Amino acid sequence: MRARRVVITDQSFPGLAHEERAAARAGAELVVRSDVTAEAEVVKLTAGADVVMLAYAEITDRVLAGLAEGATVIRYGIGYETIDVEAAARHGVRVCNVPDYGADTVADHTVMLALAVLRRVADYHARITASESGWVSATDLGPIAAVSDVTYGLVGTGQIGRKVAARVRAFGAEVIAYDPYADAEAVAAEGITLTDFDTLLECADIVSVHAPLTPETRHLIDARAMAAMKDSAILVNTARGALVDTRAAAEAVSAGRLGGLGLDVLESEPLEEGHPLRTAPRTLLTPHAAFYSERSLTNLQRFAAEEMERALRGEPLRCQLRR
């Protein structure tokens with residue numbers, strides 16, 4: 001009987017105990033790399049593999065054609081941007097992700113960014129540390145809204161969006177949302193009012209993006225969308241960088257046409273030298289870290305390893321992509 005093989009193309013975890021135990025239980029060889037992402041290298045590394053686990057590797061038609069019959073591709077994370085899912089279907093390759101490993105952590109980080117920008121935390125800190133007196137008046141930065149007076153607008157009502165809604169509603173904020181696929185009654189039961197996109201842009205004091213990245217949603221929040229928002233509105237993105245035209249966002253906040261930015265994901269990561277976001281005012285940036293907590297990282301690896309073991313045993317997958 002042919003020895004089955006699991007290949008991890010790219011990862012940056014401190015250890016792989018969950019994956020090693022799952023592979024051993026299933027009697028499979030585990031091949032681990034940390035930085036193989038380009039198509040040609042991935043093709044060579046994964047040839048004949050039964051399971052491929054990846055973070056950002058390019059899983060193209062050529063890669064998929066070289067896998068073992070009935071192979072499975074597992075994404076460490078939520079999206080499928082680097083996986084040709086149509087080709088996977090043609091080749092009979094199952095594709096799955098780990099959509100629920102860190103939803104609470106991402107929601108926490110989203111609300112943290114929104115409140116920190118709203119409350120001008122970074123600006124207060126900068127003023128205090130730069131001043132001769134070591135102090136600043138609370139009103140020096142201008143008006144700051146109470147969270148209970150805020151209308152919080154969600155673009156997307158998946159599990160992260162709904163968790164964000166629960167958190168900001170606890171502060172007393174009103175929550176509206178745009179999601180053409182949502183069930184109005186179901187989200188209403190969670191205190192969320194569905195509306196159309198233009199109304200959300202016009203009414204929200206904070207616009208929080210929680211949509212998947214597709215060709216249709218790329219630059220969903222573009223210069224036109226930002227022009228429709230309040231000059232005082234805050235834009236928060238912890239989903240996918242390319243959902244927002246980040247150069248247009250930097251220009252808008254610098255010109256006073258937006259009230260602030262809280263961005264954990266960017267169109268280019270790392271943020272290139274000279275990008276206007278580096279010097280944009282009222283802007284708080286974090287390094288694609290919304291997913292990270294000790295609990296979420298453990299969940300990510302454990303859930304992916306469990307999926308790998310199910311795949312090797314020929315069992316139904318927990319989070320298989322359905323086409």
# chains A, B, ... in the order shown; residues from 1 in each chain; ligands from 1
call {"tool": "residues_around", "arguments": {"residues": "Asn97 of chain A", "least_positions_apart": "3", "cutoff": "12 Å", "atoms": "only C-alpha atoms", "output": "VMD selection string"}}
result
chain A and resid 52 to 55 72 to 81 83 85 94 100 to 101 300 to 301 303 to 308 317 to 322
call {"tool": "residues_around", "arguments": {"residues": "Glu39 of chain A", "least_positions_apart": "6", "cutoff": "9 Å", "atoms": "only C-alpha atoms", "output": "compact mmCIF listing (two decimals) with N, CA, C and O atoms, in the first residue's frame"}}
result
# COMPACT_ATOMS: atom_id res chain seq x y z
N ALA A 57 0.26 29.75 -0.13
CA ALA A 57 0.80 29.14 -1.35
C ALA A 57 -0.20 29.22 -2.50
O ALA A 57 -1.41 29.17 -2.29
N GLU A 58 0.33 29.30 -3.71
CA GLU A 58 -0.50 29.31 -4.91
C GLU A 58 -0.89 27.88 -5.26
O GLU A 58 -0.05 27.07 -5.65
N ILE A 59 -2.16 27.58 -5.14
CA ILE A 59 -2.68 26.24 -5.46
C ILE A 59 -3.42 26.38 -6.79
O ILE A 59 -4.63 26.65 -6.84
N THR A 60 -2.67 26.21 -7.86
CA THR A 60 -3.17 26.44 -9.21
C THR A 60 -3.60 25.13 -9.87
O THR A 60 -3.47 24.05 -9.29
N ARG A 62 -2.07 23.60 -12.22
CA ARG A 62 -0.88 22.74 -12.33
C ARG A 62 -0.61 22.02 -11.02
O ARG A 62 -0.26 20.84 -11.02
N VAL A 63 -0.74 22.71 -9.92
CA VAL A 63 -0.53 22.08 -8.61
C VAL A 63 -1.57 20.98 -8.40
O VAL A 63 -1.24 19.84 -8.04
call {"tool": "residues_around", "arguments": {"residues": "Leu194 of chain A", "least_positions_apart": "5", "cutoff": "7 Å", "atoms": "only C-alpha atoms", "output": "MDAnalysis selection string"}}
result
chainID A and resid 176:178 184
call {"tool": "residues_around", "arguments": {"residues": "Ala173 of chain A", "least_positions_apart": "6", "cutoff": "8 Å", "atoms": "only C-alpha atoms", "output": "PyMOL selection string"}}
result
chain A and resi 147-152
call {"tool": "select_by_dssp", "arguments": {"residues": "segment 2-179 of chain A", "states": "alpha helix (DSSP H)", "output": "ChimeraX atom specification"}}
result
/A:17-25,39-46,61-65,85-91,103-118,121-130,159-170
call {"tool": "residues_around", "arguments": {"residues": "Ala23 of chain A", "least_positions_apart": "5", "cutoff": "9 Å", "atoms": "only C-alpha atoms", "output": "list in words"}}
result
Arg5, Val6, His18, Ala28, Glu29, Leu30, Ala305, Met308, Glu309 and Leu312 of chain A
call {"tool": "write_last_selection", "arguments": {"atoms": "N, CA, C and O atoms", "output": "mmCIF file, in the first residue's frame"}}
result
data_model
loop_
_atom_site.group_PDB
_atom_site.id
_atom_site.type_symbol
_atom_site.label_atom_id
_atom_site.label_comp_id
_atom_site.auth_asym_id
_atom_site.auth_seq_id
_atom_site.Cartn_x
_atom_site.Cartn_y
_atom_site.Cartn_z
ATOM 1 N N ARG A 5 0.890 10.935 2.028
ATOM 2 C CA ARG A 5 1.792 12.047 2.316
ATOM 3 C C ARG A 5 1.003 13.335 2.515
ATOM 4 O O ARG A 5 0.116 13.669 1.719
ATOM 5 N N VAL A 6 1.344 14.048 3.574
ATOM 6 C CA VAL A 6 0.785 15.362 3.874
ATOM 7 C C VAL A 6 1.903 16.385 3.707
ATOM 8 O O VAL A 6 2.997 16.210 4.255
ATOM 9 N N HIS A 18 0.067 19.498 16.813
ATOM 10 C CA HIS A 18 -1.251 19.008 16.400
ATOM 11 C C HIS A 18 -1.155 18.277 15.060
ATOM 12 O O HIS A 18 -1.722 17.189 14.886
ATOM 13 N N ALA A 28 0.486 8.675 8.145
ATOM 14 C CA ALA A 28 0.938 9.430 6.980
ATOM 15 C C ALA A 28 2.274 10.109 7.246
ATOM 16 O O ALA A 28 2.597 10.489 8.379
ATOM 17 N N GLU A 29 3.043 10.272 6.183
ATOM 18 C CA GLU A 29 4.288 11.043 6.242
ATOM 19 C C GLU A 29 3.938 12.526 6.230
ATOM 20 O O GLU A 29 3.055 12.960 5.480
ATOM 21 N N LEU A 30 4.613 13.304 7.062
ATOM 22 C CA LEU A 30 4.388 14.746 7.121
ATOM 23 C C LEU A 30 5.622 15.467 6.611
ATOM 24 O O LEU A 30 6.711 15.321 7.162
ATOM 25 N N ALA A 305 -5.593 20.381 11.713
ATOM 26 C CA ALA A 305 -5.049 19.032 11.873
ATOM 27 C C ALA A 305 -6.167 18.000 11.938
ATOM 28 O O ALA A 305 -6.056 16.901 11.368
ATOM 29 N N MET A 308 -7.312 17.454 8.496
ATOM 30 C CA MET A 308 -6.343 16.622 7.795
ATOM 31 C C MET A 308 -6.549 15.145 8.108
ATOM 32 O O MET A 308 -6.543 14.288 7.216
ATOM 33 N N GLU A 309 -6.772 14.825 9.375
ATOM 34 C CA GLU A 309 -6.964 13.431 9.765
ATOM 35 C C GLU A 309 -8.248 12.867 9.162
ATOM 36 O O GLU A 309 -8.279 11.714 8.701
ATOM 37 N N LEU A 312 -7.529 12.062 5.499
ATOM 38 C CA LEU A 312 -6.726 10.857 5.326
ATOM 39 C C LEU A 312 -7.534 9.595 5.585
ATOM 40 O O LEU A 312 -7.248 8.530 5.018
#
call {"tool": "residues_around", "arguments": {"residues": "segment 262-278 of chain A", "least_positions_apart": "3", "cutoff": "10 Å", "atoms": "only C-alpha atoms", "output": "PDB file with N, CA and C atoms, in the first residue's frame"}}
result
ATOM      1  N   VAL A 106     -10.972  38.117  16.258  1.00  0.00           N
ATOM      2  CA  VAL A 106     -11.082  39.131  15.208  1.00  0.00           C
ATOM      3  C   VAL A 106     -12.125  40.178  15.585  1.00  0.00           C
ATOM      4  N   HIS A 109     -10.642  42.516  18.116  1.00  0.00           N
ATOM      5  CA  HIS A 109      -9.669  43.429  17.512  1.00  0.00           C
ATOM      6  C   HIS A 109     -10.380  44.513  16.696  1.00  0.00           C
ATOM      7  N   THR A 110     -11.434  44.116  16.000  1.00  0.00           N
ATOM      8  CA  THR A 110     -12.205  45.075  15.208  1.00  0.00           C
ATOM      9  C   THR A 110     -12.767  46.183  16.093  1.00  0.00           C
ATOM     10  N   VAL A 111     -13.387  45.795  17.184  1.00  0.00           N
ATOM     11  CA  VAL A 111     -13.993  46.777  18.080  1.00  0.00           C
ATOM     12  C   VAL A 111     -12.910  47.619  18.753  1.00  0.00           C
ATOM     13  N   MET A 112     -11.777  46.993  19.078  1.00  0.00           N
ATOM     14  CA  MET A 112     -10.662  47.748  19.650  1.00  0.00           C
ATOM     15  C   MET A 112     -10.224  48.856  18.701  1.00  0.00           C
ATOM     16  N   LEU A 113     -10.031  48.523  17.412  1.00  0.00           N
ATOM     17  CA  LEU A 113      -9.622  49.538  16.437  1.00  0.00           C
ATOM     18  C   LEU A 113     -10.681  50.642  16.333  1.00  0.00           C
ATOM     19  N   ALA A 114     -11.948  50.241  16.244  1.00  0.00           N
ATOM     20  CA  ALA A 114     -13.019  51.224  16.097  1.00  0.00           C
ATOM     21  C   ALA A 114     -13.058  52.189  17.277  1.00  0.00           C
ATOM     22  N   LEU A 115     -12.986  51.662  18.484  1.00  0.00           N
ATOM     23  CA  LEU A 115     -13.067  52.517  19.665  1.00  0.00           C
ATOM     24  C   LEU A 115     -11.808  53.342  19.855  1.00  0.00           C
ATOM     25  N   ALA A 116     -10.652  52.774  19.545  1.00  0.00           N
ATOM     26  CA  ALA A 116      -9.406  53.528  19.706  1.00  0.00           C
ATOM     27  C   ALA A 116      -9.353  54.718  18.756  1.00  0.00           C
ATOM     28  N   VAL A 117      -9.832  54.506  17.519  1.00  0.00           N
ATOM     29  CA  VAL A 117      -9.860  55.623  16.569  1.00  0.00           C
ATOM     30  C   VAL A 117     -10.935  56.626  16.971  1.00  0.00           C
ATOM     31  N   LEU A 118     -12.111  56.135  17.343  1.00  0.00           N
ATOM     32  CA  LEU A 118     -13.192  57.024  17.765  1.00  0.00           C
ATOM     33  C   LEU A 118     -12.770  57.870  18.952  1.00  0.00           C
ATOM     34  N   SER A 208     -17.611  49.203   9.159  1.00  0.00           N
ATOM     35  CA  SER A 208     -16.759  48.079   9.539  1.00  0.00           C
ATOM     36  C   SER A 208     -16.911  46.978   8.497  1.00  0.00           C
ATOM     37  N   VAL A 209     -15.812  46.598   7.842  1.00  0.00           N
ATOM     38  CA  VAL A 209     -15.879  45.715   6.676  1.00  0.00           C
ATOM     39  C   VAL A 209     -15.637  44.264   7.082  1.00  0.00           C
ATOM     40  N   HIS A 219     -12.159  46.496  -3.902  1.00  0.00           N
ATOM     41  CA  HIS A 219     -12.369  47.948  -3.817  1.00  0.00           C
ATOM     42  C   HIS A 219     -13.849  48.286  -3.666  1.00  0.00           C
ATOM     43  N   ILE A 234     -15.657  56.828  10.518  1.00  0.00           N
ATOM     44  CA  ILE A 234     -14.449  56.018  10.703  1.00  0.00           C
ATOM     45  C   ILE A 234     -14.611  54.732   9.904  1.00  0.00           C
ATOM     46  N   LEU A 235     -13.557  54.362   9.195  1.00  0.00           N
ATOM     47  CA  LEU A 235     -13.555  53.145   8.388  1.00  0.00           C
ATOM     48  C   LEU A 235     -12.635  52.120   9.040  1.00  0.00           C
ATOM     49  N   VAL A 236     -13.166  50.920   9.283  1.00  0.00           N
ATOM     50  CA  VAL A 236     -12.410  49.850   9.924  1.00  0.00           C
ATOM     51  C   VAL A 236     -12.425  48.631   9.007  1.00  0.00           C
ATOM     52  N   ASN A 237     -11.265  48.023   8.801  1.00  0.00           N
ATOM     53  CA  ASN A 237     -11.183  46.819   7.971  1.00  0.00           C
ATOM     54  C   ASN A 237     -10.284  45.790   8.629  1.00  0.00           C
ATOM     55  N   THR A 238     -10.877  44.651   9.000  1.00  0.00           N
ATOM     56  CA  THR A 238     -10.102  43.524   9.514  1.00  0.00           C
ATOM     57  C   THR A 238     -10.371  42.277   8.671  1.00  0.00           C
ATOM     58  N   ALA A 239     -10.901  42.466   7.454  1.00  0.00           N
ATOM     59  CA  ALA A 239     -11.296  41.333   6.619  1.00  0.00           C
ATOM     60  C   ALA A 239     -10.213  41.032   5.582  1.00  0.00           C
ATOM     61  N   ARG A 240     -10.236  41.721   4.445  1.00  0.00           N
ATOM     62  CA  ARG A 240      -9.253  41.561   3.389  1.00  0.00           C
ATOM     63  C   ARG A 240      -8.844  42.948   2.901  1.00  0.00           C
ATOM     64  N   GLY A 241      -7.549  43.134   2.725  1.00  0.00           N
ATOM     65  CA  GLY A 241      -7.040  44.467   2.416  1.00  0.00           C
ATOM     66  C   GLY A 241      -7.633  45.078   1.169  1.00  0.00           C
ATOM     67  N   ALA A 242      -7.792  44.273   0.118  1.00  0.00           N
ATOM     68  CA  ALA A 242      -8.228  44.805  -1.166  1.00  0.00           C
ATOM     69  C   ALA A 242      -9.713  45.142  -1.216  1.00  0.00           C
ATOM     70  N   LEU A 243     -10.456  44.894  -0.143  1.00  0.00           N
ATOM     71  CA  LEU A 243     -11.832  45.369  -0.091  1.00  0.00           C
ATOM     72  C   LEU A 243     -11.885  46.891  -0.056  1.00  0.00           C
ATOM     73  N   VAL A 244     -10.792  47.500   0.389  1.00  0.00           N
ATOM     74  CA  VAL A 244     -10.707  48.956   0.512  1.00  0.00           C
ATOM     75  C   VAL A 244      -9.611  49.479  -0.414  1.00  0.00           C
ATOM     76  N   ASP A 245      -9.902  50.529  -1.135  1.00  0.00           N
ATOM     77  CA  ASP A 245      -8.871  51.245  -1.886  1.00  0.00           C
ATOM     78  C   ASP A 245      -8.076  52.054  -0.865  1.00  0.00           C
ATOM     79  N   THR A 246      -6.945  51.503  -0.431  1.00  0.00           N
ATOM     80  CA  THR A 246      -6.244  52.100   0.705  1.00  0.00           C
ATOM     81  C   THR A 246      -5.608  53.440   0.364  1.00  0.00           C
ATOM     82  N   ARG A 247      -5.178  53.624  -0.871  1.00  0.00           N
ATOM     83  CA  ARG A 247      -4.635  54.938  -1.239  1.00  0.00           C
ATOM     84  C   ARG A 247      -5.738  55.996  -1.228  1.00  0.00           C
ATOM     85  N   ALA A 248      -6.905  55.630  -1.715  1.00  0.00           N
ATOM     86  CA  ALA A 248      -8.032  56.571  -1.660  1.00  0.00           C
ATOM     87  C   ALA A 248      -8.423  56.856  -0.220  1.00  0.00           C
ATOM     88  N   ALA A 249      -8.341  55.835   0.647  1.00  0.00           N
ATOM     89  CA  ALA A 249      -8.667  56.032   2.063  1.00  0.00           C
ATOM     90  C   ALA A 249      -7.675  56.990   2.717  1.00  0.00           C
ATOM     91  N   ALA A 250      -6.384  56.805   2.426  1.00  0.00           N
ATOM     92  CA  ALA A 250      -5.371  57.703   2.987  1.00  0.00           C
ATOM     93  C   ALA A 250      -5.592  59.131   2.518  1.00  0.00           C
ATOM     94  N   GLU A 251      -5.938  59.288   1.250  1.00  0.00           N
ATOM     95  CA  GLU A 251      -6.193  60.624   0.708  1.00  0.00           C
ATOM     96  C   GLU A 251      -7.408  61.256   1.374  1.00  0.00           C
ATOM     97  N   VAL A 253      -8.814  60.630   4.389  1.00  0.00           N
ATOM     98  CA  VAL A 253      -8.621  61.017   5.785  1.00  0.00           C
ATOM     99  C   VAL A 253      -7.653  62.190   5.885  1.00  0.00           C
ATOM    100  N   SER A 254      -6.672  62.262   4.998  1.00  0.00           N
ATOM    101  CA  SER A 254      -5.725  63.383   5.016  1.00  0.00           C
ATOM    102  C   SER A 254      -6.399  64.690   4.616  1.00  0.00           C
ATOM    103  N   PRO A 281      -3.177  61.066   8.909  1.00  0.00           N
ATOM    104  CA  PRO A 281      -3.617  61.400  10.267  1.00  0.00           C
ATOM    105  C   PRO A 281      -4.783  60.527  10.706  1.00  0.00           C
ATOM    106  N   ARG A 282      -5.018  60.488  12.010  1.00  0.00           N
ATOM    107  CA  ARG A 282      -6.160  59.782  12.586  1.00  0.00           C
ATOM    108  C   ARG A 282      -6.274  58.359  12.041  1.00  0.00           C
ATOM    109  N   THR A 283      -5.116  57.730  11.893  1.00  0.00           N
ATOM    110  CA  THR A 283      -5.049  56.395  11.313  1.00  0.00           C
ATOM    111  C   THR A 283      -4.325  55.459  12.270  1.00  0.00           C
ATOM    112  N   LEU A 284      -4.928  54.313  12.506  1.00  0.00           N
ATOM    113  CA  LEU A 284      -4.342  53.298  13.374  1.00  0.00           C
ATOM    114  C   LEU A 284      -4.180  52.023  12.547  1.00  0.00           C
ATOM    115  N   LEU A 285      -2.939  51.541  12.456  1.00  0.00           N
ATOM    116  CA  LEU A 285      -2.626  50.361  11.656  1.00  0.00           C
ATOM    117  C   LEU A 285      -2.102  49.246  12.553  1.00  0.00           C
ATOM    118  N   THR A 286      -2.536  48.017  12.275  1.00  0.00           N
ATOM    119  CA  THR A 286      -1.959  46.845  12.925  1.00  0.00           C
ATOM    120  C   THR A 286      -1.583  45.838  11.835  1.00  0.00           C
ATOM    121  N   PRO A 287      -0.606  44.950  12.098  1.00  0.00           N
ATOM    122  CA  PRO A 287       0.011  44.145  11.038  1.00  0.00           C
ATOM    123  C   PRO A 287      -0.677  42.814  10.752  1.00  0.00           C
ATOM    124  N   HIS A 288      -1.928  42.875  10.279  1.00  0.00           N
ATOM    125  CA  HIS A 288      -2.693  41.663   9.984  1.00  0.00           C
ATOM    126  C   HIS A 288      -2.673  40.758  11.223  1.00  0.00           C
ATOM    127  N   ALA A 289      -2.999  41.357  12.346  1.00  0.00           N
ATOM    128  CA  ALA A 289      -2.888  40.683  13.642  1.00  0.00           C
ATOM    129  C   ALA A 289      -4.230  40.404  14.289  1.00  0.00           C
ATOM    130  N   ALA A 290      -5.332  40.766  13.620  1.00  0.00           N
ATOM    131  CA  ALA A 290      -6.640  40.611  14.250  1.00  0.00           C
ATOM    132  C   ALA A 290      -6.940  39.167  14.605  1.00  0.00           C
ATOM    133  N   PHE A 291      -6.387  38.237  13.857  1.00  0.00           N
ATOM    134  CA  PHE A 291      -6.648  36.814  14.097  1.00  0.00           C
ATOM    135  C   PHE A 291      -5.935  36.287  15.330  1.00  0.00           C
TER     136      PHE A 291
END
call {"tool": "closest_residue", "arguments": {"among": "A:Val187, A:Ala145, A:Ile160, A:Leu297", "to": "Pro212 of chain A", "atoms": "only C-alpha atoms"}}
result
A:Ile160
call {"tool": "select_by_dssp", "arguments": {"residues": "segment 21-153 of chain A", "states": "strand (DSSP E or B)", "output": "VMD selection string"}}
result
chain A and resid 29 to 32 35 51 to 54 59 72 to 75 83 94 to 96 151 to 153
call {"tool": "write_last_selection", "arguments": {"atoms": "N, CA and C atoms", "output": "PDB file, in the first residue's frame"}}
result
ATOM      1  N   GLU A  29       3.043  10.272   6.183  1.00  0.00           N
ATOM      2  CA  GLU A  29       4.288  11.043   6.242  1.00  0.00           C
ATOM      3  C   GLU A  29       3.938  12.526   6.230  1.00  0.00           C
ATOM      4  N   LEU A  30       4.613  13.304   7.062  1.00  0.00           N
ATOM      5  CA  LEU A  30       4.388  14.746   7.121  1.00  0.00           C
ATOM      6  C   LEU A  30       5.622  15.467   6.611  1.00  0.00           C
ATOM      7  N   VAL A  31       5.460  16.245   5.544  1.00  0.00           N
ATOM      8  CA  VAL A  31       6.543  17.029   4.953  1.00  0.00           C
ATOM      9  C   VAL A  31       6.261  18.492   5.237  1.00  0.00           C
ATOM     10  N   VAL A  32       7.186  19.177   5.874  1.00  0.00           N
ATOM     11  CA  VAL A  32       6.938  20.548   6.327  1.00  0.00           C
ATOM     12  C   VAL A  32       7.934  21.520   5.703  1.00  0.00           C
ATOM     13  N   ASP A  35       8.116  28.304   3.696  1.00  0.00           N
ATOM     14  CA  ASP A  35       8.028  29.470   2.812  1.00  0.00           C
ATOM     15  C   ASP A  35       7.880  29.119   1.336  1.00  0.00           C
ATOM     16  N   VAL A  51      -2.682  15.238   1.023  1.00  0.00           N
ATOM     17  CA  VAL A  51      -3.209  16.428   1.683  1.00  0.00           C
ATOM     18  C   VAL A  51      -2.179  17.537   1.555  1.00  0.00           C
ATOM     19  N   VAL A  52      -2.642  18.713   1.187  1.00  0.00           N
ATOM     20  CA  VAL A  52      -1.794  19.906   1.158  1.00  0.00           C
ATOM     21  C   VAL A  52      -2.386  20.913   2.130  1.00  0.00           C
ATOM     22  N   MET A  53      -1.544  21.416   3.029  1.00  0.00           N
ATOM     23  CA  MET A  53      -1.960  22.437   3.987  1.00  0.00           C
ATOM     24  C   MET A  53      -1.150  23.693   3.709  1.00  0.00           C
ATOM     25  N   LEU A  54      -1.809  24.829   3.690  1.00  0.00           N
ATOM     26  CA  LEU A  54      -1.136  26.053   3.265  1.00  0.00           C
ATOM     27  C   LEU A  54      -1.687  27.264   3.984  1.00  0.00           C
ATOM     28  N   ILE A  59      -2.165  27.578  -5.136  1.00  0.00           N
ATOM     29  CA  ILE A  59      -2.675  26.245  -5.461  1.00  0.00           C
ATOM     30  C   ILE A  59      -3.424  26.380  -6.790  1.00  0.00           C
ATOM     31  N   THR A  72      -6.903  16.354  -0.804  1.00  0.00           N
ATOM     32  CA  THR A  72      -7.593  17.431  -0.087  1.00  0.00           C
ATOM     33  C   THR A  72      -6.622  18.586   0.125  1.00  0.00           C
ATOM     34  N   VAL A  73      -7.113  19.806  -0.052  1.00  0.00           N
ATOM     35  CA  VAL A  73      -6.347  21.026   0.204  1.00  0.00           C
ATOM     36  C   VAL A  73      -6.988  21.736   1.388  1.00  0.00           C
ATOM     37  N   ILE A  74      -6.173  22.056   2.387  1.00  0.00           N
ATOM     38  CA  ILE A  74      -6.671  22.694   3.611  1.00  0.00           C
ATOM     39  C   ILE A  74      -5.989  24.039   3.782  1.00  0.00           C
ATOM     40  N   ARG A  75      -6.779  25.083   3.864  1.00  0.00           N
ATOM     41  CA  ARG A  75      -6.239  26.431   4.057  1.00  0.00           C
ATOM     42  C   ARG A  75      -6.220  26.752   5.542  1.00  0.00           C
ATOM     43  N   ILE A  83      -6.272  29.775  -3.990  1.00  0.00           N
ATOM     44  CA  ILE A  83      -6.647  28.425  -4.436  1.00  0.00           C
ATOM     45  C   ILE A  83      -7.600  28.527  -5.624  1.00  0.00           C
ATOM     46  N   ARG A  94     -10.871  17.934  -2.891  1.00  0.00           N
ATOM     47  CA  ARG A  94     -11.675  18.620  -1.878  1.00  0.00           C
ATOM     48  C   ARG A  94     -10.888  19.808  -1.319  1.00  0.00           C
ATOM     49  N   VAL A  95     -11.592  20.897  -1.063  1.00  0.00           N
ATOM     50  CA  VAL A  95     -10.973  22.105  -0.517  1.00  0.00           C
ATOM     51  C   VAL A  95     -11.720  22.491   0.746  1.00  0.00           C
ATOM     52  N   CYS A  96     -10.982  22.806   1.791  1.00  0.00           N
ATOM     53  CA  CYS A  96     -11.637  23.273   3.009  1.00  0.00           C
ATOM     54  C   CYS A  96     -10.791  24.348   3.676  1.00  0.00           C
ATOM     55  N   THR A 151     -23.893  55.166  15.228  1.00  0.00           N
ATOM     56  CA  THR A 151     -24.492  54.158  14.346  1.00  0.00           C
ATOM     57  C   THR A 151     -23.352  53.382  13.714  1.00  0.00           C
ATOM     58  N   TYR A 152     -23.325  52.093  14.008  1.00  0.00           N
ATOM     59  CA  TYR A 152     -22.225  51.225  13.570  1.00  0.00           C
ATOM     60  C   TYR A 152     -22.697  50.432  12.356  1.00  0.00           C
ATOM     61  N   GLY A 153     -22.024  50.608  11.228  1.00  0.00           N
ATOM     62  CA  GLY A 153     -22.436  49.974   9.987  1.00  0.00           C
ATOM     63  C   GLY A 153     -21.559  48.799   9.615  1.00  0.00           C
TER      64      GLY A 153
END
call {"tool": "closest_residue", "arguments": {"among": "A:Ala24, A:Asp179, A:Arg33, A:Gln159", "to": "Pro99 of chain A", "atoms": "only C-alpha atoms"}}
result
A:Gln159
